[in-house]
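Structure file start_17.csv; described as CSV, C-alpha atoms and all ligand atoms.
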chain,number,residue,atom,x,y,z
K,1,ARG,CA,0.0,0.0,0.0
K,2,ALA,CA,1.5,3.4,-1.0
K,3,GLU,CA,1.9,5.9,1.8
K,4,ILE,CA,1.8,9.5,0.8
K,5,ASP,CA,3.1,12.3,3.0
K,6,TYR,CA,0.4,14.9,2.4
K,7,ASP,CA,2.5,17.6,4.1
K,8,LYS,CA,4.9,17.3,1.1
K,9,CYS,CA,2.6,16.1,-1.7
K,10,VAL,CA,1.6,18.8,-4.3
K,11,SER,CA,-0.7,16.5,-6.2
K,12,CYS,CA,1.3,16.6,-9.4
K,13,GLY,CA,0.2,13.0,-10.2
K,14,MET,CA,3.6,11.8,-11.3
K,15,CYS,CA,3.5,8.9,-8.9
K,16,LEU,CA,0.3,7.7,-10.7
K,17,VAL,CA,2.1,7.4,-14.0
K,18,ASN,CA,5.5,6.2,-12.6
K,19,CYS,CA,4.4,3.5,-10.2
K,20,PRO,CA,5.3,0.2,-12.0
K,21,PHE,CA,2.5,-1.6,-10.2
K,22,GLY,CA,-0.2,1.0,-10.7
K,23,ALA,CA,-0.6,1.0,-7.0
K,24,ILE,CA,-1.6,4.7,-6.8
K,25,VAL,CA,-4.9,6.0,-8.3
K,26,ASP,CA,-6.5,9.4,-7.9
K,27,LYS,CA,-10.2,10.0,-7.0
K,28,GLY,CA,-12.4,10.2,-10.1
K,29,GLN,CA,-15.5,12.3,-10.5
K,30,ILE,CA,-16.9,10.5,-13.5
K,31,PHE,CA,-19.8,9.1,-11.5
K,32,GLN,CA,-20.8,12.5,-10.2
K,33,LEU,CA,-20.5,14.0,-13.7
K,34,ILE,CA,-22.7,11.3,-15.3
K,35,GLN,CA,-25.3,11.7,-12.5
K,36,SER,CA,-25.4,15.4,-13.1
K,37,ILE,CA,-25.8,15.0,-16.9
K,38,LYS,CA,-28.5,12.4,-16.4
K,39,ARG,CA,-30.4,14.7,-14.0
K,40,GLY,CA,-30.6,17.2,-16.9
K,41,ASP,CA,-28.1,19.8,-15.5
K,42,GLU,CA,-26.6,22.2,-18.0
K,43,VAL,CA,-23.0,20.9,-17.9
K,44,VAL,CA,-20.5,22.9,-19.8
K,45,ALA,CA,-17.1,21.4,-20.5
K,46,ILE,CA,-14.0,23.6,-20.5
K,47,VAL,CA,-11.1,21.9,-22.2
K,48,ALA,CA,-7.4,22.7,-21.4
K,49,PRO,CA,-5.0,23.7,-24.2
K,50,ALA,CA,-3.2,20.4,-23.9
K,51,PHE,CA,-6.2,18.6,-25.6
K,52,ILE,CA,-4.4,18.7,-28.9
K,53,ASN,CA,-3.4,15.2,-30.1
K,54,GLN,CA,-5.0,13.4,-27.2
K,55,PHE,CA,-7.6,11.4,-29.1
K,56,PRO,CA,-7.0,9.4,-32.3
K,57,GLY,CA,-8.6,11.1,-35.3
K,58,MET,CA,-9.7,14.1,-33.3
K,59,THR,CA,-10.0,17.6,-34.6
K,60,PRO,CA,-11.1,20.5,-32.4
K,61,SER,CA,-14.6,20.6,-34.1
K,62,LYS,CA,-14.9,16.8,-33.9
K,63,LEU,CA,-14.0,17.0,-30.2
K,64,LYS,CA,-16.9,19.5,-29.6
K,65,GLU,CA,-19.3,17.2,-31.4
K,66,ALA,CA,-18.1,14.2,-29.4
K,67,MET,CA,-18.6,16.0,-26.2
K,68,ARG,CA,-22.2,16.9,-27.2
K,69,LEU,CA,-22.8,13.2,-27.8
K,70,LEU,CA,-21.7,12.5,-24.2
K,71,GLY,CA,-24.4,15.0,-23.0
K,72,PHE,CA,-22.4,18.2,-22.4
K,73,ALA,CA,-24.5,21.3,-23.2
K,74,ASP,CA,-21.6,23.2,-24.5
K,75,VAL,CA,-17.8,23.1,-24.8
K,76,ALA,CA,-15.3,26.0,-24.4
K,77,GLU,CA,-11.6,26.2,-24.6
K,78,VAL,CA,-9.6,27.1,-21.4
K,79,ALA,CA,-7.2,29.0,-23.7
K,80,ILE,CA,-9.7,31.9,-23.3
K,81,GLY,CA,-8.7,32.0,-19.6
K,82,ALA,CA,-5.1,31.6,-20.5
K,83,ASP,CA,-5.3,34.9,-22.4
K,84,LEU,CA,-6.8,36.6,-19.4
K,85,CYS,CA,-4.3,35.0,-17.0
K,86,THR,CA,-1.5,36.2,-19.3
K,87,ILE,CA,-2.8,39.8,-19.1
K,88,ASP,CA,-3.1,39.6,-15.3
K,89,GLU,CA,0.4,38.3,-14.9
K,90,ALA,CA,1.9,40.8,-17.4
K,91,LYS,CA,0.3,43.7,-15.4
K,92,ASP,CA,1.4,42.2,-12.1
K,93,PHE,CA,4.9,41.8,-13.3
K,94,MET,CA,5.2,45.3,-14.6
K,95,GLU,CA,3.8,46.8,-11.4
K,96,GLU,CA,5.6,44.6,-8.9
K,97,VAL,CA,9.0,43.6,-10.2
K,98,PRO,CA,11.4,44.9,-8.9
K,99,ALA,CA,9.5,47.6,-6.9
K,100,LYS,CA,7.7,45.2,-4.6
K,101,ILE,CA,9.2,41.7,-5.2
K,102,PRO,CA,12.6,40.7,-6.6
K,103,PHE,CA,11.2,38.2,-9.2
K,104,MET,CA,7.8,36.7,-10.1
K,105,GLY,CA,6.9,33.1,-10.6
K,106,THR,CA,4.0,32.1,-12.8
K,107,SER,CA,0.7,30.9,-11.2
K,108,CYS,CA,-0.9,28.5,-13.7
K,109,CYS,CA,0.6,25.1,-12.6
K,110,PRO,CA,-0.8,24.4,-9.2
K,111,ALA,CA,1.7,21.7,-8.4
K,112,TRP,CA,4.7,24.1,-9.0
K,113,SER,CA,3.1,27.0,-7.2
K,114,VAL,CA,2.2,24.9,-4.1
K,115,MET,CA,5.7,23.3,-4.1
K,116,ALA,CA,7.3,26.8,-4.3
K,117,LYS,CA,5.2,28.2,-1.5
K,118,LYS,CA,5.6,25.1,0.8
K,119,LEU,CA,9.4,24.9,0.4
K,120,PHE,CA,10.2,28.6,0.1
K,121,PRO,CA,7.7,30.3,2.4
K,122,GLN,CA,9.8,33.5,2.6
K,123,GLN,CA,9.5,33.8,-1.2
K,124,ALA,CA,5.8,32.9,-1.3
K,125,GLU,CA,4.7,36.4,-2.2
K,126,CYS,CA,7.0,36.1,-5.3
K,127,ILE,CA,4.6,33.6,-6.9
K,128,SER,CA,1.9,35.3,-8.8
K,129,MET,CA,-1.6,35.3,-7.3
K,130,ALA,CA,-3.2,35.6,-10.7
K,131,MET,CA,-6.1,33.2,-11.1
K,132,THR,CA,-5.4,30.2,-13.3
K,133,PRO,CA,-6.8,29.8,-16.8
K,134,MET,CA,-9.2,27.1,-15.5
K,135,VAL,CA,-10.7,29.4,-12.9
K,136,LEU,CA,-10.9,32.4,-15.2
K,137,THR,CA,-12.6,30.4,-17.9
K,138,ALA,CA,-15.1,28.8,-15.4
K,139,ARG,CA,-15.9,32.2,-14.0
K,140,LEU,CA,-16.5,33.7,-17.4
K,141,ILE,CA,-18.9,30.9,-18.3
K,142,LYS,CA,-20.7,31.3,-15.0
K,143,LYS,CA,-21.2,35.0,-15.8
K,144,GLU,CA,-22.9,34.0,-19.1
K,145,LYS,CA,-24.7,30.9,-17.8
K,146,PRO,CA,-25.3,31.3,-14.1
K,147,ASN,CA,-27.0,27.9,-13.8
K,148,ALA,CA,-24.4,25.9,-15.6
K,149,ARG,CA,-22.2,23.3,-13.9
K,150,ILE,CA,-18.6,23.4,-15.1
K,151,CYS,CA,-16.5,20.4,-15.9
K,152,PHE,CA,-12.8,21.1,-16.4
K,153,ILE,CA,-11.1,18.5,-18.7
K,154,GLY,CA,-7.4,18.5,-18.8
K,155,PRO,CA,-4.1,16.8,-18.5
K,156,CYS,CA,-3.7,17.4,-14.8
K,157,ALA,CA,-4.0,15.6,-11.5
K,158,ALA,CA,-3.3,18.8,-9.5
K,159,LYS,CA,-6.3,20.6,-10.9
K,160,LYS,CA,-8.5,18.3,-8.9
K,161,LEU,CA,-7.0,19.8,-5.8
K,162,GLU,CA,-7.1,23.3,-7.2
K,163,ALA,CA,-10.8,23.1,-8.1
K,164,SER,CA,-11.7,22.0,-4.6
K,165,ARG,CA,-9.6,24.4,-2.5
K,166,ARG,CA,-11.5,26.9,-0.4
K,167,SER,CA,-9.2,29.9,-0.7
K,168,VAL,CA,-10.3,30.7,-4.3
K,169,ARG,CA,-13.8,30.0,-5.5
K,170,SER,CA,-13.0,28.0,-8.7
K,171,GLU,CA,-16.6,27.7,-10.0
K,172,VAL,CA,-15.5,24.3,-11.2
K,173,ASP,CA,-17.9,21.4,-10.3
K,174,PHE,CA,-16.0,18.4,-11.8
K,175,VAL,CA,-12.5,17.8,-13.0
K,176,LEU,CA,-11.7,15.0,-15.4
K,177,THR,CA,-8.5,14.0,-17.1
K,178,PHE,CA,-8.1,13.3,-20.8
K,179,GLU,CA,-7.6,9.7,-19.8
K,180,GLU,CA,-11.0,9.7,-18.0
K,181,LEU,CA,-12.6,11.4,-20.9
K,182,MET,CA,-11.3,8.7,-23.2
K,183,GLY,CA,-13.0,6.2,-20.9
K,184,LEU,CA,-16.3,8.0,-21.5
K,185,PHE,CA,-15.8,8.1,-25.3
K,186,GLU,CA,-15.1,4.3,-25.2
K,187,ALA,CA,-18.1,3.6,-23.1
K,188,LYS,CA,-20.4,5.5,-25.5
K,189,ALA,CA,-18.6,4.0,-28.5
K,190,VAL,CA,-17.8,7.5,-29.9
K,191,ASN,CA,-15.7,7.1,-33.0
K,192,PHE,CA,-14.0,10.3,-34.2
K,193,ALA,CA,-13.9,9.0,-37.8
K,194,ASP,CA,-17.7,9.0,-38.0
K,195,LEU,CA,-18.1,12.6,-36.7
K,196,PRO,CA,-18.6,15.7,-38.9
K,197,ASP,CA,-15.6,18.0,-39.1
K,198,ASN,CA,-17.2,21.4,-39.5
K,199,PRO,CA,-14.4,24.1,-39.4
K,200,GLU,CA,-16.9,26.7,-38.2
K,201,ASP,CA,-17.4,24.7,-35.1
K,202,ALA,CA,-13.7,24.8,-34.2
K,203,PHE,CA,-12.4,26.8,-31.2
K,204,ASN,CA,-11.6,30.3,-32.3
K,205,SER,CA,-11.7,32.5,-29.2
K,206,ALA,CA,-8.1,32.5,-28.0
K,207,SER,CA,-4.6,33.5,-29.1
K,208,ALA,CA,-1.7,31.4,-30.3
K,209,ASP,CA,0.1,32.3,-27.1
K,210,ALA,CA,-2.8,31.0,-25.0
K,211,ARG,CA,-2.7,27.7,-26.9
K,212,GLY,CA,1.0,27.6,-26.1
K,213,PHE,CA,0.3,27.3,-22.4
K,214,ALA,CA,0.2,23.6,-23.0
K,215,ALA,CA,4.0,23.2,-23.4
K,216,SER,CA,6.9,24.2,-21.2
K,217,GLY,CA,8.1,27.7,-22.0
K,218,GLY,CA,4.7,28.8,-23.4
K,219,VAL,CA,3.4,30.6,-20.4
K,220,ALA,CA,6.4,32.8,-19.9
K,221,GLN,CA,6.5,33.5,-23.7
K,222,ALA,CA,2.9,34.6,-23.6
K,223,VAL,CA,3.5,36.9,-20.7
K,224,VAL,CA,6.6,38.4,-22.4
K,225,ASN,CA,4.7,39.0,-25.6
K,226,ALA,CA,1.9,40.7,-23.7
K,227,ILE,CA,4.3,42.9,-21.8
K,228,LYS,CA,6.0,43.9,-25.2
K,229,LYS,CA,2.5,45.0,-26.4
K,230,MET,CA,1.8,47.0,-23.2
K,231,ASP,CA,5.3,48.5,-22.7
K,232,PRO,CA,7.6,48.0,-25.8
K,233,ASP,CA,10.6,49.3,-23.9
K,234,ARG,CA,10.4,46.9,-21.1
K,235,GLU,CA,13.0,44.0,-21.2
K,236,VAL,CA,11.9,40.8,-19.4
K,237,LYS,CA,14.4,38.1,-18.5
K,238,VAL,CA,12.9,34.6,-18.3
K,239,MET,CA,13.9,31.4,-16.7
K,240,SER,CA,11.8,28.3,-17.0
K,241,ALA,CA,12.0,24.9,-15.3
K,242,GLN,CA,10.1,21.7,-15.9
K,243,GLY,CA,9.8,18.8,-13.5
K,244,LEU,CA,9.6,19.5,-9.8
K,245,ALA,CA,13.3,18.8,-9.1
K,246,ASP,CA,14.3,21.5,-11.6
K,247,CYS,CA,11.6,23.8,-10.3
K,248,LYS,CA,13.1,23.4,-6.8
K,249,LYS,CA,16.6,24.2,-8.1
K,250,MET,CA,15.3,27.3,-9.9
K,251,MET,CA,13.7,28.5,-6.6
K,252,MET,CA,16.9,27.9,-4.7
K,253,MET,CA,18.8,30.0,-7.2
K,254,ALA,CA,16.1,32.7,-7.1
K,255,LYS,CA,16.2,32.7,-3.3
K,256,ALA,CA,20.0,33.3,-3.6
K,257,GLY,CA,19.4,36.3,-5.7
K,258,LYS,CA,20.4,34.9,-9.1
K,259,TYR,CA,17.1,35.7,-10.8
K,260,ASN,CA,16.4,39.2,-9.6
K,261,GLY,CA,14.2,40.9,-12.1
K,262,TYR,CA,13.2,37.6,-13.8
K,263,LEU,CA,9.9,36.0,-14.7
K,264,LEU,CA,10.2,32.4,-13.6
K,265,GLU,CA,8.0,29.8,-15.2
K,266,GLY,CA,7.5,26.5,-13.3
K,267,MET,CA,5.9,23.5,-14.8
K,268,ALA,CA,5.7,20.4,-12.6
K,269,CYS,CA,5.5,17.9,-15.4
K,270,PRO,CA,8.6,17.4,-17.6
K,271,GLY,CA,7.6,19.0,-20.9
K,272,GLY,CA,4.7,20.9,-19.4
K,273,CYS,CA,1.0,20.0,-19.5
K,274,ILE,CA,1.2,18.0,-22.7
K,275,ALA,CA,3.0,15.5,-20.6
K,276,GLY,CA,0.7,15.7,-17.6
K,277,ALA,CA,-0.4,12.7,-15.6
K,278,GLY,CA,-3.8,12.5,-17.2
K,279,THR,CA,-2.6,12.6,-20.9
K,280,LEU,CA,-2.6,9.8,-23.3
K,281,ALA,CA,-0.4,10.8,-26.2
K,282,ASP,CA,3.3,10.9,-26.9
K,283,PRO,CA,4.4,14.4,-25.7
K,284,ALA,CA,6.9,14.9,-28.6
K,285,LYS,CA,4.2,14.4,-31.1
K,286,SER,CA,1.8,16.5,-29.1
K,287,VAL,CA,4.3,19.4,-29.2
K,288,ALA,CA,4.6,19.2,-33.0
K,289,MET,CA,0.7,19.2,-33.3
K,290,LEU,CA,0.5,22.1,-30.8
K,291,ASN,CA,2.9,24.2,-32.8
K,292,LYS,CA,0.8,23.6,-35.9
K,293,TYR,CA,-2.3,24.5,-34.0
K,294,LYS,CA,-0.7,27.7,-32.7
K,295,ASN,CA,0.2,28.7,-36.2
K,296,GLU,CA,-3.5,28.3,-37.3
K,297,ALA,CA,-4.7,30.8,-34.6
K,298,THR,CA,-6.1,34.1,-36.0
K,299,MET,CA,-5.1,36.0,-32.8
K,300,LYS,CA,-1.5,35.8,-31.9
K,301,VAL,CA,-1.0,37.6,-28.5
K,302,ALA,CA,-3.1,37.6,-25.3
K,303,THR,CA,-3.8,41.3,-25.6
K,304,GLU,CA,-6.0,40.6,-28.7
K,305,THR,CA,-8.5,38.7,-26.6
K,306,PRO,CA,-12.1,39.9,-27.0
K,307,TYR,CA,-12.7,39.1,-23.3
K,308,GLN,CA,-10.4,41.7,-21.8
K,309,ASP,CA,-13.3,43.9,-20.7
K,310,SER,CA,-14.7,41.1,-18.6
K,311,LEU,CA,-11.5,40.6,-16.6
K,312,ASP,CA,-12.5,43.0,-13.7
K,313,LEU,CA,-15.8,41.2,-13.3
K,314,LEU,CA,-13.9,37.9,-12.8
K,315,HIS,CA,-11.8,39.2,-9.8
K,316,TYR,CA,-14.0,38.2,-6.9
N,1,LIG,S1,4.5,12.3,-7.2
N,1,LIG,FE1,3.3,14.2,-6.9
N,1,LIG,S2,1.2,13.4,-6.4
N,1,LIG,FE2,2.6,11.7,-6.1
N,1,LIG,S3,3.0,11.8,-3.9
N,1,LIG,FE3,4.7,12.9,-5.0
N,1,LIG,S4,4.0,15.1,-5.0
N,1,LIG,FE4,2.2,13.8,-4.5
N,2,LIG,S1,2.5,21.0,-15.7
N,2,LIG,FE1,0.4,21.2,-16.3
N,2,LIG,S2,-0.4,19.0,-16.1
N,2,LIG,FE2,1.5,19.1,-15.0
N,2,LIG,S3,0.9,19.6,-12.8
N,2,LIG,FE3,1.3,21.5,-13.8
N,2,LIG,S4,-0.7,22.3,-14.6
N,2,LIG,FE4,-0.9,20.1,-14.2
For the structure just supplied, provide its representation as structure tokens.
Amino acid sequence: RAEIDYDKCVSCGMCLVNCPFGAIVDKGQIFQLIQSIKRGDEVVAIVAPAFINQFPGMTPSKLKEAMRLLGFADVAEVAIGADLCTIDEAKDFMEEVPAKIPFMGTSCCPAWSVMAKKLFPQQAECISMAMTPMVLTARLIKKEKPNARICFIGPCAAKKLEASRRSVRSEVDFVLTFEELMGLFEAKAVNFADLPDNPEDAFNSASADARGFAASGGVAQAVVNAIKKMDPDREVKVMSAQGLADCKKMMMMAKAGKYNGYLLEGMACPGGCIAGAGTLADPAKSVAMLNKYKNEATMKVATETPYQDSLDLLHY
């Protein structure tokens, strides 16, 4: 029986994928989700940017259709919230570094930010308090559809903890991984080859930089690009780390003053979210598909988002 020290655990989920005996499993919410759909609730799925390449034969518009077949009322991309998170972090960085804090760590990977705050409590205020793309997207949907129940679907074990924590109201009712979603597709015999591929149905509400949140380096790049739009003269130095061991080393160097003035991007999974504990596909192939998907985006930088005016309403 696996014993987990919850004082140290940051819910990254890497033990789930690495245990050779499959002795560790996380708590699923599939049953609760199915009950909610069967009750007739309006359940809206919000899908993390790492969805690309997760299901054989999938395209973004086919994914939407497949989700409707499962009973979801609607599907939105969490990349919308990634644009808003980028804008929040860019503004925070410009205001606070170096005037109030020596460096700033990104907020969107909960396993990294929890680890940094647990192990480096004196530097906790240097980790951005910006709400994550998941929370911002959920709140945006709730504004438009107050009765909807929100199901986040992503690559991540840590989001299950993030969605249930009490300090920030996530507005997320269920969290499923891509692996769990695949289980639902198989149970319902959803075959992507049989589904219509209507390009008008594809996601088109977020920037290329927001899509890039799925891979290591993408979050910091999005924030740097947004800062360049807001203050073209501002130089931003960046350091990124992937995997918790490297994230810890980065924080030790930052604590020692090596990264003063820097934006630090931490991603708990080696490779970023496309290699998260709840993914199904080869991360190297997913990165290639992600780059192609980014190139297809009509908006390039977070500041182009049409949802920027809603941002103030989401800070509660
Ligand atoms: S690998 Fe991650 S989820 Fe598993 S026990 Fe360690 S910190 Fe917790
Ligand atoms: S890198 Fe992504 S998938 Fe991995 S723990 Fe962080 S947010 Fe979750």
Taking only C-alpha atoms and all ligand atoms into account, which residues are within 7 Å of ligand LIG 2 (chain N), as a ChimeraX atom specification? /K:12,108-112,155-159,267-269,272-277
Expected file contents, prior selection, C-alpha atoms, as a compact mmCIF listing (two decimals), in the coordinates of the input:
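Okay, this is what ended up in out15.txt:
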# COMPACT_ATOMS: atom_id res chain seq x y z
CA CYS K 12 1.30 16.60 -9.40
CA CYS K 108 -0.90 28.50 -13.70
CA CYS K 109 0.60 25.10 -12.60
CA PRO K 110 -0.80 24.40 -9.20
CA ALA K 111 1.70 21.70 -8.40
CA TRP K 112 4.70 24.10 -9.00
CA PRO K 155 -4.10 16.80 -18.50
CA CYS K 156 -3.70 17.40 -14.80
CA ALA K 157 -4.00 15.60 -11.50
CA ALA K 158 -3.30 18.80 -9.50
CA LYS K 159 -6.30 20.60 -10.90
CA MET K 267 5.90 23.50 -14.80
CA ALA K 268 5.70 20.40 -12.60
CA CYS K 269 5.50 17.90 -15.40
CA GLY K 272 4.70 20.90 -19.40
CA CYS K 273 1.00 20.00 -19.50
CA ILE K 274 1.20 18.00 -22.70
CA ALA K 275 3.00 15.50 -20.60
CA GLY K 276 0.70 15.70 -17.60
CA ALA K 277 -0.40 12.70 -15.60
May I have the residues within 7 Å of ligand LIG 1 (chain N), computed using only C-alpha atoms and all ligand atoms, as a PyMOL selection string? chain K and resi 4-5+8-16
List as an mmCIF file with C-alpha atoms, in the coordinates of the input the protein and nucleic acid residues near region 166-180 of chain K, meaning an atom at most 6 Å away when all atoms listed in the file are counted, but skip any in the same chain fewer than 4 places from it.
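Output file around-v2.cif follows:
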data_model
loop_
_atom_site.group_PDB
_atom_site.id
_atom_site.type_symbol
_atom_site.label_atom_id
_atom_site.label_comp_id
_atom_site.auth_asym_id
_atom_site.auth_seq_id
_atom_site.Cartn_x
_atom_site.Cartn_y
_atom_site.Cartn_z
ATOM 1 C CA VAL K 135 -10.700 29.400 -12.900
ATOM 2 C CA ALA K 138 -15.100 28.800 -15.400
ATOM 3 C CA ARG K 149 -22.200 23.300 -13.900
ATOM 4 C CA ILE K 150 -18.600 23.400 -15.100
ATOM 5 C CA CYS K 151 -16.500 20.400 -15.900
ATOM 6 C CA PHE K 152 -12.800 21.100 -16.400
ATOM 7 C CA ILE K 153 -11.100 18.500 -18.700
ATOM 8 C CA GLY K 154 -7.400 18.500 -18.800
ATOM 9 C CA PRO K 155 -4.100 16.800 -18.500
ATOM 10 C CA LYS K 160 -8.500 18.300 -8.900
ATOM 11 C CA GLY K 278 -3.800 12.500 -17.200
ATOM 12 C CA THR K 279 -2.600 12.600 -20.900
#
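Contact shell of Lys255 (chain K) at 12 Å (all atoms listed in the file; same-chain neighbours under 6 positions omitted): Ile101, Pro102, Phe103, Met104, Gly105, Ala116, Leu119, Phe120, Pro121, Gln122, Gln123, Ala124, Cys126, Lys248, Lys249, Tyr262 and Leu264 of chain K.
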Shortest contact to Phe31 (chain K), candidates K:Met131, K:Leu84, K:Leu184, K:Leu136, atoms counted all atoms listed in the file, goes to K:Leu184
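The closest residue to Val238 (chain K), picked from K:Val43, K:Glu162, K:Glu304, K:Thr106 and counting only C-alpha atoms, is K:Thr106.
Going from CA of Arg234 (chain K) to CA of Pro49 (chain K) covers 28.0 Å.
Of note, CA of Ala202 (chain K) and CA of Pro60 (chain K) are spaced 5.3 Å apart.
Nearest to Gly261 (chain K) of all the residues K:Val236, K:Ala297, K:Met67, K:Ala215 is K:Val236, counting all atoms listed in the file.
Proximity to Ser216 (chain K) was assessed for K:Met239, K:Leu161, K:Leu280, K:Ile24 counting only C-alpha atoms; the smallest distance is recorded for K:Met239.
Nearest-residue note for Asp233 (chain K): choosing from K:Gly183, K:Asn18, K:Gln29, K:Met94, the minimum distance belongs to K:Met94, counting all atoms listed in the file.
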Calculate how many Å separate CA of Lys64 (chain K) from CA of Met289 (chain K), rounding to one decimal. 18.0 Å
At a cut-off of 10 Å, can you tabulate as CSV every residue of region 2-103 of chain K near region 187-196 of chain K together with its closest atom pair and the distance in Å to one decimal, using only C-alpha atoms and ordering rows by chain then number?
residue,atom,partner,partner_atom,distance
K:Phe55,CA,K:Phe192,CA,8.3
K:Pro56,CA,K:Phe192,CA,7.3
K:Gly57,CA,K:Phe192,CA,5.6
K:Met58,CA,K:Phe192,CA,5.8
K:Thr59,CA,K:Phe192,CA,8.3
K:Ser61,CA,K:Pro196,CA,7.9
K:Lys62,CA,K:Leu195,CA,6.0
K:Leu63,CA,K:Phe192,CA,7.8
K:Lys64,CA,K:Leu195,CA,10.0
K:Glu65,CA,K:Leu195,CA,7.1
K:Ala66,CA,K:Val190,CA,6.7
K:Met67,CA,K:Val190,CA,9.3
K:Leu69,CA,K:Val190,CA,7.9
K:Leu70,CA,K:Lys188,CA,7.2
What are the centre and edge lengths in Å, to one decimal, of the axis-aligned box around all listed atoms of region 256-262 of chain K with 6 Å added on each side, as lines of an AutoDock Vina configuration file?
center_x = 16.8
center_y = 37.1
center_z = -8.7
size_x = 19.2
size_y = 19.6
size_z = 22.2
Spatial sel., origin (1.2, 16.8, -29.9), limit 10 Å, only C-alpha atoms, listed as a PyMOL selection string: chain K and resi 50-54+214-215+274-275+281-293
